[in-house]
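Below is the file target_37.txt, which contains compact mmCIF, C-alpha atoms.
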```
# COMPACT_ATOMS: atom_id res chain seq x y z
CA MET A 1 53.76 9.49 -7.06
CA LYS A 2 52.66 6.01 -5.92
CA VAL A 3 49.88 7.55 -3.86
CA PHE A 4 48.75 9.62 -6.88
CA LEU A 5 48.74 6.58 -9.15
CA SER A 6 46.84 4.58 -6.53
CA CYS A 7 44.21 7.32 -6.36
CA LEU A 8 43.85 7.31 -10.14
CA LEU A 9 43.53 3.55 -10.16
CA GLY A 10 40.92 3.68 -7.42
CA LEU A 11 38.98 6.32 -9.34
CA ALA A 12 39.10 4.22 -12.51
CA VAL A 13 37.84 1.16 -10.64
CA SER A 14 35.08 3.23 -9.04
CA LEU A 15 33.97 4.63 -12.40
CA THR A 16 33.96 1.16 -13.93
CA GLN A 17 31.88 -0.22 -11.07
CA ALA A 18 29.44 2.67 -11.35
CA GLN A 19 28.94 2.31 -15.10
CA GLU A 20 25.35 2.10 -16.28
CA LEU A 21 24.25 1.07 -19.75
CA ALA A 22 20.91 1.22 -21.55
CA LEU A 23 19.88 -1.23 -24.23
CA VAL A 24 18.92 0.71 -27.37
CA LYS A 25 17.60 -0.37 -30.77
CA LYS A 26 18.56 1.39 -33.98
CA GLU A 27 17.83 0.24 -37.52
CA LYS A 28 16.65 -3.16 -36.22
CA LYS A 29 19.91 -3.77 -34.31
CA ILE A 30 20.59 -3.58 -30.57
CA GLY A 31 23.51 -1.82 -28.89
CA TYR A 32 24.28 -0.14 -25.56
CA LEU A 33 24.38 3.51 -24.52
CA ASN A 34 26.12 4.97 -21.46
CA THR A 35 24.86 7.82 -19.27
CA GLN A 36 27.12 10.28 -21.09
CA GLY A 37 25.23 9.57 -24.32
CA LYS A 38 27.95 7.50 -25.98
CA LEU A 39 27.21 4.25 -27.80
CA VAL A 40 29.85 2.16 -26.05
CA ILE A 41 28.67 -0.95 -27.91
CA ALA A 42 27.45 -0.19 -31.42
CA PRO A 43 24.06 -1.64 -32.48
CA ALA A 44 24.97 -5.02 -33.94
CA TYR A 45 22.66 -7.60 -32.39
CA GLU A 46 19.34 -8.86 -33.66
CA LYS A 47 18.35 -9.85 -30.12
CA ALA A 48 19.92 -8.98 -26.78
CA GLY A 49 19.14 -8.35 -23.12
CA SER A 50 20.08 -5.66 -20.63
CA PHE A 51 23.28 -5.87 -18.60
CA SER A 52 23.24 -7.35 -15.13
CA ASN A 53 26.06 -8.73 -13.04
CA GLY A 54 28.55 -7.48 -15.64
CA LEU A 55 27.18 -9.53 -18.53
CA ALA A 56 24.46 -9.20 -21.16
CA PRO A 57 22.93 -12.03 -23.24
CA VAL A 58 23.26 -11.58 -27.01
CA PHE A 59 22.00 -13.59 -29.97
CA ILE A 60 24.65 -14.42 -32.60
CA ASP A 61 24.25 -16.79 -35.55
CA GLY A 62 21.24 -18.53 -34.07
CA LYS A 63 22.62 -19.04 -30.55
CA TRP A 64 22.79 -17.07 -27.31
CA GLY A 65 26.01 -16.09 -25.56
CA TYR A 66 27.16 -13.28 -23.25
CA ILE A 67 29.23 -10.13 -23.65
CA ASN A 68 30.91 -7.83 -21.11
CA PRO A 69 30.53 -3.99 -20.98
CA SER A 70 33.40 -3.65 -23.46
CA GLY A 71 31.50 -5.70 -26.02
CA ASP A 72 33.82 -8.71 -25.75
CA ILE A 73 32.26 -12.17 -25.98
CA VAL A 74 33.01 -13.86 -22.65
CA ILE A 75 30.68 -16.85 -23.00
CA GLU A 76 30.53 -18.20 -26.54
CA PRO A 77 27.12 -18.38 -28.24
CA GLN A 78 25.93 -21.95 -27.65
CA PHE A 79 22.54 -21.71 -25.95
CA ASP A 80 19.03 -21.96 -27.35
CA ASN A 81 17.86 -19.49 -24.73
CA ALA A 82 19.62 -17.38 -22.11
CA LYS A 83 18.40 -15.29 -19.19
CA ALA A 84 20.02 -12.53 -17.17
CA PHE A 85 22.80 -13.19 -14.67
CA ASN A 86 22.13 -12.47 -11.02
CA SER A 87 24.34 -13.32 -8.05
CA GLY A 88 26.78 -14.90 -10.52
CA ILE A 89 24.36 -17.47 -11.98
CA ALA A 90 22.07 -17.53 -15.03
CA VAL A 91 19.45 -19.92 -16.38
CA VAL A 92 20.07 -21.12 -19.94
CA ALA A 93 18.61 -23.70 -22.31
CA LYS A 94 20.81 -26.09 -24.26
CA GLU A 95 19.81 -29.17 -26.23
CA LYS A 96 16.21 -28.91 -24.96
CA LYS A 97 17.36 -28.83 -21.33
CA TRP A 98 17.37 -25.95 -18.85
CA LEU A 99 20.40 -25.59 -16.59
CA TYR A 100 22.29 -23.14 -14.40
CA ILE A 101 25.66 -21.74 -15.48
CA ASP A 102 28.27 -19.55 -13.78
CA LYS A 103 29.99 -16.51 -15.31
CA SER A 104 32.58 -18.68 -17.00
CA GLY A 105 29.79 -20.51 -18.81
CA GLN A 106 30.25 -23.74 -16.86
CA PRO A 107 27.25 -25.71 -15.54
CA VAL A 108 26.47 -25.31 -11.83
CA GLU A 109 25.18 -28.30 -9.91
CA LEU A 110 22.36 -27.29 -7.58
CA PRO A 111 19.57 -29.19 -5.80
CA HIS A 112 16.93 -30.63 -8.11
CA SER A 113 14.00 -28.34 -8.82
CA ASP A 114 11.01 -29.30 -10.96
CA LYS A 115 11.42 -25.90 -12.61
CA LEU A 116 14.48 -23.65 -12.77
CA TYR A 117 14.04 -20.06 -11.60
CA ASP A 118 16.32 -17.04 -11.92
CA PHE A 119 18.43 -16.11 -8.93
CA ASP A 120 17.83 -12.63 -7.50
CA SER A 121 20.15 -9.98 -6.07
CA ASN A 122 19.82 -11.62 -2.65
CA GLY A 123 21.46 -14.78 -4.01
CA LEU A 124 18.21 -16.74 -3.79
CA ALA A 125 16.19 -18.78 -6.28
CA PHE A 126 12.88 -20.58 -5.95
CA LEU A 127 13.03 -24.33 -5.44
CA ARG A 128 9.99 -26.23 -6.72
CA GLU A 129 8.93 -29.67 -5.52
CA SER A 130 5.65 -30.72 -7.10
CA ASP A 131 3.15 -27.98 -6.14
CA LEU A 132 5.25 -26.44 -3.37
CA ILE A 133 7.91 -23.72 -3.47
CA GLY A 134 10.97 -23.11 -1.28
CA LEU A 135 14.29 -21.26 -1.57
CA MET A 136 17.92 -22.16 -2.21
CA ASP A 137 21.12 -20.09 -2.37
CA THR A 138 23.88 -20.04 -4.99
CA LYS A 139 25.91 -22.66 -3.09
CA GLY A 140 23.06 -25.12 -3.21
CA ASN A 141 22.00 -24.72 0.40
CA VAL A 142 18.27 -25.12 0.93
CA VAL A 143 17.34 -21.90 2.72
CA LEU A 144 13.67 -22.82 2.93
CA LYS A 145 12.20 -26.24 2.25
CA PRO A 146 9.26 -26.21 -0.20
CA LEU A 147 6.37 -25.25 2.06
CA TYR A 148 4.33 -22.70 0.15
CA THR A 149 2.03 -22.90 -2.85
CA GLU A 150 3.41 -19.55 -4.07
CA ILE A 151 6.29 -17.19 -3.29
CA LYS A 152 6.44 -13.76 -4.89
CA PRO A 153 9.79 -12.09 -5.78
CA PHE A 154 11.54 -10.34 -2.89
CA GLU A 155 10.88 -6.63 -2.39
CA HIS A 156 12.81 -4.53 0.13
CA GLY A 157 14.14 -7.70 1.76
CA PHE A 158 10.77 -9.48 2.07
CA ALA A 159 8.63 -11.80 -0.04
CA LYS A 160 4.92 -12.57 0.01
CA VAL A 161 4.12 -16.26 0.50
CA LYS A 162 0.89 -18.19 0.04
CA GLN A 163 -0.08 -21.16 2.15
CA GLY A 164 -3.42 -22.62 1.20
CA ASN A 165 -5.53 -19.57 0.44
CA LYS A 166 -3.80 -17.21 2.87
CA TRP A 167 -0.86 -14.85 2.49
CA GLY A 168 2.06 -14.06 4.78
CA VAL A 169 5.61 -12.68 4.51
CA ILE A 170 9.10 -14.19 4.85
CA SER A 171 12.58 -12.67 5.07
CA THR A 172 15.59 -13.56 2.90
CA THR A 173 16.60 -16.13 5.52
CA GLY A 174 13.31 -17.95 4.99
CA LYS A 175 12.03 -16.88 8.41
CA THR A 176 8.31 -16.18 8.79
CA VAL A 177 7.84 -12.46 9.39
CA ILE A 178 4.06 -12.32 8.95
CA THR A 179 2.03 -15.45 9.61
CA PRO A 180 0.02 -16.56 6.52
CA GLU A 181 -3.46 -15.57 7.64
CA TYR A 182 -4.37 -12.70 5.31
CA ASP A 183 -6.50 -12.61 2.18
CA GLU A 184 -4.26 -9.91 0.66
CA ILE A 185 -0.91 -8.47 1.68
CA ASP A 186 1.49 -5.91 0.22
CA ILE A 187 5.09 -5.02 1.05
CA SER A 188 5.85 -1.32 1.31
CA GLY A 189 9.15 0.45 0.78
CA ASN A 190 9.18 1.81 4.32
CA GLY A 191 8.87 -1.48 6.23
CA VAL A 192 5.10 -1.23 6.76
CA PHE A 193 2.88 -4.06 5.52
CA VAL A 194 -0.69 -3.41 4.37
CA ALA A 195 -3.20 -6.23 4.33
CA ARG A 196 -6.79 -7.39 4.06
CA LYS A 197 -8.37 -9.85 6.44
CA GLY A 198 -11.85 -10.72 5.28
CA THR A 199 -13.41 -7.36 4.39
CA ALA A 200 -11.17 -5.40 6.77
CA PHE A 201 -8.18 -3.47 5.41
CA GLY A 202 -5.36 -2.33 7.67
CA ILE A 203 -1.66 -2.31 8.45
CA ILE A 204 0.45 -4.89 10.24
CA THR A 205 2.52 -3.56 13.12
CA ALA A 206 6.07 -4.60 14.06
CA ASP A 207 4.77 -7.25 16.50
CA ASP A 208 2.74 -8.96 13.71
CA THR A 209 -0.54 -7.44 14.91
CA PHE A 210 -3.22 -6.42 12.42
CA LYS A 211 -4.54 -2.89 12.91
CA HIS A 212 -7.79 -2.23 11.13
CA VAL A 213 -8.07 1.13 9.35
CA LYS A 214 -11.60 2.29 9.93
CA ASP A 215 -13.81 2.45 6.84
CA ALA A 216 -10.95 1.63 4.42
CA THR A 217 -12.00 -0.44 1.41
CA LYS A 218 -8.53 -0.52 -0.18
CA ILE A 219 -4.99 0.49 0.87
CA TRP A 220 -1.98 0.81 -1.43
CA PRO A 221 1.63 0.20 -0.31
CA PHE A 222 3.83 3.05 0.96
CA LEU A 223 6.69 4.13 -1.28
CA GLU A 224 10.22 3.87 0.06
CA GLY A 225 10.88 6.34 2.87
CA GLU A 226 7.34 7.77 2.79
CA THR A 227 5.00 8.07 5.79
CA LEU A 228 1.74 8.52 3.86
CA THR A 229 -0.02 6.28 1.36
CA TYR A 230 -3.35 6.48 -0.42
CA ALA A 231 -6.43 4.51 0.57
CA ARG A 232 -10.07 4.28 -0.45
CA LYS A 233 -13.17 4.86 1.64
CA ASP A 234 -16.39 4.15 -0.23
CA ASP A 235 -15.82 5.85 -3.61
CA LYS A 236 -13.31 8.49 -2.47
CA LEU A 237 -9.57 8.38 -1.82
CA GLY A 238 -7.54 9.92 0.97
CA PHE A 239 -4.25 9.19 2.73
CA ILE A 240 -3.31 7.26 5.86
CA ASN A 241 -0.12 7.38 7.94
CA THR A 242 2.08 4.53 9.17
CA GLN A 243 -0.06 4.25 12.33
CA GLY A 244 -3.10 3.43 10.22
CA GLU A 245 -4.80 6.77 10.87
CA TRP A 246 -6.52 8.92 8.26
CA ALA A 247 -4.08 11.83 7.77
CA ILE A 248 -5.98 13.32 4.81
CA GLU A 249 -9.69 12.58 4.71
CA PRO A 250 -11.03 10.76 1.62
CA GLN A 251 -12.21 13.43 -0.81
CA PHE A 252 -10.51 12.69 -4.12
CA GLU A 253 -11.85 10.78 -7.11
CA LYS A 254 -8.39 9.26 -7.76
CA ALA A 255 -4.96 9.51 -6.16
CA ARG A 256 -1.39 8.26 -6.46
CA ALA A 257 1.55 7.89 -4.14
CA PHE A 258 3.38 10.52 -2.10
CA ARG A 259 6.96 11.27 -2.97
CA ASN A 260 9.01 14.37 -2.27
CA GLY A 261 6.19 15.74 -0.14
CA LEU A 262 3.55 15.78 -2.88
CA ALA A 263 0.98 13.33 -4.26
CA PRO A 264 -1.12 13.45 -7.47
CA VAL A 265 -4.87 13.74 -6.87
CA TYR A 266 -7.85 13.84 -9.25
CA LEU A 267 -10.61 16.40 -8.71
CA ASP A 268 -13.30 17.56 -11.12
CA LYS A 269 -11.78 15.50 -13.95
CA LYS A 270 -8.32 17.08 -13.61
CA TRP A 271 -5.09 16.10 -11.85
CA GLY A 272 -3.20 18.29 -9.37
CA TYR A 273 -1.02 17.70 -6.29
CA VAL A 274 -1.58 17.87 -2.54
CA ASN A 275 0.97 18.28 0.24
CA ALA A 276 1.17 16.23 3.44
CA GLN A 277 -1.34 18.56 5.11
CA GLY A 278 -3.91 17.80 2.43
CA GLU A 279 -3.67 21.26 0.88
CA LEU A 280 -3.69 21.70 -2.89
CA ALA A 281 -0.08 22.66 -3.64
CA ILE A 282 -0.53 22.47 -7.43
CA GLN A 283 -4.00 23.16 -8.73
CA PRO A 284 -5.83 20.45 -10.73
CA GLU A 285 -5.35 21.33 -14.41
CA TYR A 286 -3.84 18.25 -16.06
CA PRO A 287 -5.61 15.37 -17.85
CA ASP A 288 -3.03 13.04 -16.25
CA ALA A 289 -0.14 13.30 -13.79
CA GLU A 290 2.42 10.95 -12.28
CA VAL A 291 4.39 10.73 -9.03
CA PHE A 292 7.31 13.07 -8.39
CA SER A 293 10.78 11.61 -8.76
CA SER A 294 13.63 12.04 -6.29
CA ASP A 295 14.97 14.66 -8.74
CA GLY A 296 12.03 16.90 -7.86
CA LEU A 297 10.24 16.65 -11.21
CA ALA A 298 6.95 14.99 -12.13
CA PRO A 299 5.51 14.00 -15.54
CA VAL A 300 2.23 15.76 -16.38
CA LYS A 301 0.08 15.49 -19.46
CA VAL A 302 -0.78 18.66 -21.36
CA GLY A 303 -3.03 17.94 -24.31
CA LYS A 304 -1.85 14.65 -25.78
CA GLU A 305 1.80 14.87 -24.73
CA TRP A 306 3.80 14.81 -21.51
CA GLY A 307 6.09 17.40 -19.97
CA PHE A 308 7.65 17.82 -16.52
CA ILE A 309 6.84 20.23 -13.70
CA ASP A 310 8.86 21.17 -10.62
CA LYS A 311 7.43 21.27 -7.09
CA SER A 312 6.18 24.81 -7.58
CA GLY A 313 4.05 23.61 -10.51
CA GLU A 314 6.11 25.32 -13.19
CA LEU A 315 6.37 23.43 -16.48
CA VAL A 316 10.17 23.27 -16.75
CA ILE A 317 10.31 20.77 -19.64
CA PRO A 318 7.79 21.35 -22.46
CA ALA A 319 4.98 18.86 -23.06
CA GLU A 320 6.21 17.17 -26.23
CA TYR A 321 6.98 13.62 -25.11
CA GLY A 322 5.51 10.20 -24.48
CA ILE A 323 6.45 8.23 -21.37
CA SER A 324 6.29 4.52 -20.67
CA VAL A 325 8.11 1.52 -19.21
CA ALA A 326 10.38 -0.40 -21.61
CA LEU A 327 9.95 -4.10 -22.28
CA ILE A 328 12.08 -5.00 -25.32
CA GLY A 329 14.71 -7.08 -23.52
CA PHE A 330 14.90 -8.81 -20.16
CA LEU A 331 13.78 -5.82 -18.15
CA THR A 332 10.13 -6.39 -17.37
CA SER A 333 9.48 -4.28 -14.33
CA GLY A 334 9.64 -0.77 -13.08
CA GLU A 335 6.92 1.73 -12.19
CA ASP A 336 8.98 4.92 -12.62
CA LYS A 337 7.83 6.84 -15.65
CA GLY A 338 9.80 9.98 -14.85
CA PHE A 339 13.37 10.77 -13.92
CA ILE A 340 15.71 8.14 -12.51
CA ASN A 341 19.14 9.37 -11.44
CA GLY A 342 18.81 12.51 -13.53
CA LEU A 343 17.58 10.92 -16.77
CA ALA A 344 14.08 10.20 -18.10
CA ARG A 345 13.19 7.77 -20.87
CA VAL A 346 10.86 9.53 -23.30
CA LYS A 347 9.34 9.15 -26.75
CA HIS A 348 9.49 11.95 -29.33
CA LYS A 349 8.11 11.82 -32.86
CA GLY A 350 8.03 8.01 -32.82
CA LYS A 351 11.56 7.60 -31.46
CA TRP A 352 12.86 6.85 -27.95
CA GLY A 353 15.70 8.43 -26.05
CA PHE A 354 16.67 10.09 -22.77
CA ILE A 355 16.49 13.66 -21.53
CA ASP A 356 18.18 15.25 -18.51
CA THR A 357 16.51 17.51 -15.96
CA LYS A 358 17.23 20.51 -18.17
CA GLY A 359 15.38 18.90 -21.09
CA GLN A 360 18.56 18.23 -23.08
CA VAL A 361 18.53 15.07 -25.22
CA LEU A 362 21.22 12.63 -24.11
CA GLY A 363 23.81 12.30 -26.87
CA ASN A 364 21.47 14.31 -29.08
CA GLU A 365 20.20 11.01 -30.47
CA TRP A 366 16.89 9.14 -30.74
CA PHE A 367 16.37 5.39 -31.17
CA ASP A 368 13.73 2.96 -32.41
CA ASN A 369 13.48 1.80 -28.80
CA ALA A 370 15.38 2.13 -25.54
CA GLU A 371 15.29 0.52 -22.11
CA PRO A 372 16.08 2.20 -18.80
CA PHE A 373 19.68 2.25 -17.63
CA GLU A 374 20.94 -0.73 -15.66
CA LYS A 375 24.17 -1.21 -13.73
CA ALA A 376 26.60 -2.87 -16.11
CA ASN A 377 28.89 -4.31 -13.43
```
Starting from the file, give its structure as structure tokens.
Amino acid sequence: MKVFLSCLLGLAVSLTQAQELALVKKEKKIGYLNTQGKLVIAPAYEKAGSFSNGLAPVFIDGKWGYINPSGDIVIEPQFDNAKAFNSGIAVVAKEKKWLYIDKSGQPVELPHSDKLYDFDSNGLAFLRESDLIGLMDTKGNVVLKPLYTEIKPFEHGFAKVKQGNKWGVISTTGKTVITPEYDEIDISGNGVFVARKGTAFGIITADDTFKHVKDATKIWPFLEGETLTYARKDDKLGFINTQGEWAIEPQFEKARAFRNGLAPVYLDKKWGYVNAQGELAIQPEYPDAEVFSSDGLAPVKVGKEWGFIDKSGELVIPAEYGISVALIGFLTSGEDKGFINGLARVKHKGKWGFIDTKGQVLGNEWFDNAEPFEKAN
């Protein structure tokens, strides 16, 4: 019996940890929806942000505080402004002063920075000293002294850094991975860096060597786990591999990234999809088309609305939706316009909601607005 109870407890803990909530707006009030379509926190807030680190900022009676996924107030409304928690710390404004707080709402003493920046999921925040930027961790350790004129947010464990007019890359330990000597640089999801040096575009190999891709006039980053990315030669686009070789010769007017073995391409004023061999797997017939998701579906435009096709090109969800990235709370990023973990954020007849891969409306309910799901814990 004890073993059975322990298993149930472990399952409950696991489900709690895995909970995801989406910020939704209904009748000018904000609440939170779970992935089963239930409003676990009824719309009651005039302003609010998405959950992160187990807390969400909410605006009550003219001040900002924080609630937990059960809707309980855990940090009393007292702030003039409040940002999202990350790595256990959030930036808030109180009495015309910005400061860091922990999840109990208490101030956190950290090294002086001329400007306070949000911590990220790596437990790092920018540290500004005059015109230079460095990094510190949540314990106040200076991970990287201010050396750079600019540091971009970390992606896939790396961040772009600017020194003078040149770009390089650092790791989360502050170590230089790519020496700042490039005019442009991008971090891919598969560990390959693409860069421009002067007029030459290419990739950077594991030993920090620049490999010029012949005739390339632009290269886009690889998506996570992918071995092909799109690149331009003159006025046409093709695809290169991780060795910097042309795998599919430039022949398309436009192109987008490979995922799930297919990439959108634009020919004769219509979008279709090619496979890794450069063959047309789905004929060009759409006025617009997006990248396939890991669920094996891709958004395509038919007329003025969007539907979803499978990898065979069959329209499995009718074209009656709008698609976009949400920006009504603290979430301000995200390129996925299709399915994420089995759900897609769509617009229908002026309202927003979520559909599953079968085209069923989550909770059979539409909202004035909705943001993508975020981990609540």
Smallest atom-to-atom distance to Gly164 in chain A: which of A:Tyr100, A:Phe373, A:Tyr230, A:Tyr148, using only C-alpha atoms?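 Of A:Tyr100, A:Phe373, A:Tyr230, A:Tyr148, the one nearest Gly164 in chain A, counting only C-alpha atoms, is A:Tyr148.
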Residue among A:Leu315, A:Gln283, A:Gly342, A:Ser171 lying closest to Asp295 in chain A, counting all atoms listed in the file: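 With all atoms listed in the file as the atom set, the closest residue is A:Gly342.
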Between CA of Gly157 in chain A and CA of Ala82 in chain A, measure the distance and give it in Å to one decimal.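 Pair CA of Gly157 in chain A / CA of Ala82 in chain A returns 26.3 Å.
Residue nearest Val192 in chain A within the list A:Glu305, A:Glu150, A:Glu374, A:Asp207: A:Asp207 [criterion: smallest interatomic distance, all atoms listed in the file].
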Hey, what's within 10 Å of Thr209 in chain A if we count only C-alpha atoms and toss same-chain stuff fewer than 4 positions away? As a VMD selection string, please? chain A and resid 178 to 179 203 to 205
Contact table range 281-314 of chain A vs range 266-276 of chain A, cut-off 10 Å, shortest pair per residue, all atoms listed in the file, as JSON lines:
```
{"residue": "A:Ala281", "atom": "CA", "partner": "A:Val274", "partner_atom": "CA", "distance": 5.1}
{"residue": "A:Ile282", "atom": "CA", "partner": "A:Tyr273", "partner_atom": "CA", "distance": 4.9}
{"residue": "A:Gln283", "atom": "CA", "partner": "A:Gly272", "partner_atom": "CA", "distance": 5.0}
{"residue": "A:Pro284", "atom": "CA", "partner": "A:Gly272", "partner_atom": "CA", "distance": 3.7}
{"residue": "A:Glu285", "atom": "CA", "partner": "A:Lys270", "partner_atom": "CA", "distance": 5.2}
{"residue": "A:Tyr286", "atom": "CA", "partner": "A:Trp271", "partner_atom": "CA", "distance": 4.9}
{"residue": "A:Pro287", "atom": "CA", "partner": "A:Lys270", "partner_atom": "CA", "distance": 5.3}
{"residue": "A:Asp288", "atom": "CA", "partner": "A:Trp271", "partner_atom": "CA", "distance": 5.7}
{"residue": "A:Ala289", "atom": "CA", "partner": "A:Trp271", "partner_atom": "CA", "distance": 6.0}
{"residue": "A:Glu290", "atom": "CA", "partner": "A:Trp271", "partner_atom": "CA", "distance": 9.1}
{"residue": "A:Val291", "atom": "CA", "partner": "A:Tyr273", "partner_atom": "CA", "distance": 9.2}
{"residue": "A:Phe292", "atom": "CA", "partner": "A:Tyr273", "partner_atom": "CA", "distance": 9.8}
{"residue": "A:Val300", "atom": "CA", "partner": "A:Trp271", "partner_atom": "CA", "distance": 8.6}
{"residue": "A:Lys301", "atom": "CA", "partner": "A:Trp271", "partner_atom": "CA", "distance": 9.2}
{"residue": "A:Lys311", "atom": "CA", "partner": "A:Tyr273", "partner_atom": "CA", "distance": 9.2}
{"residue": "A:Gly313", "atom": "CA", "partner": "A:Tyr273", "partner_atom": "CA", "distance": 8.9}
```
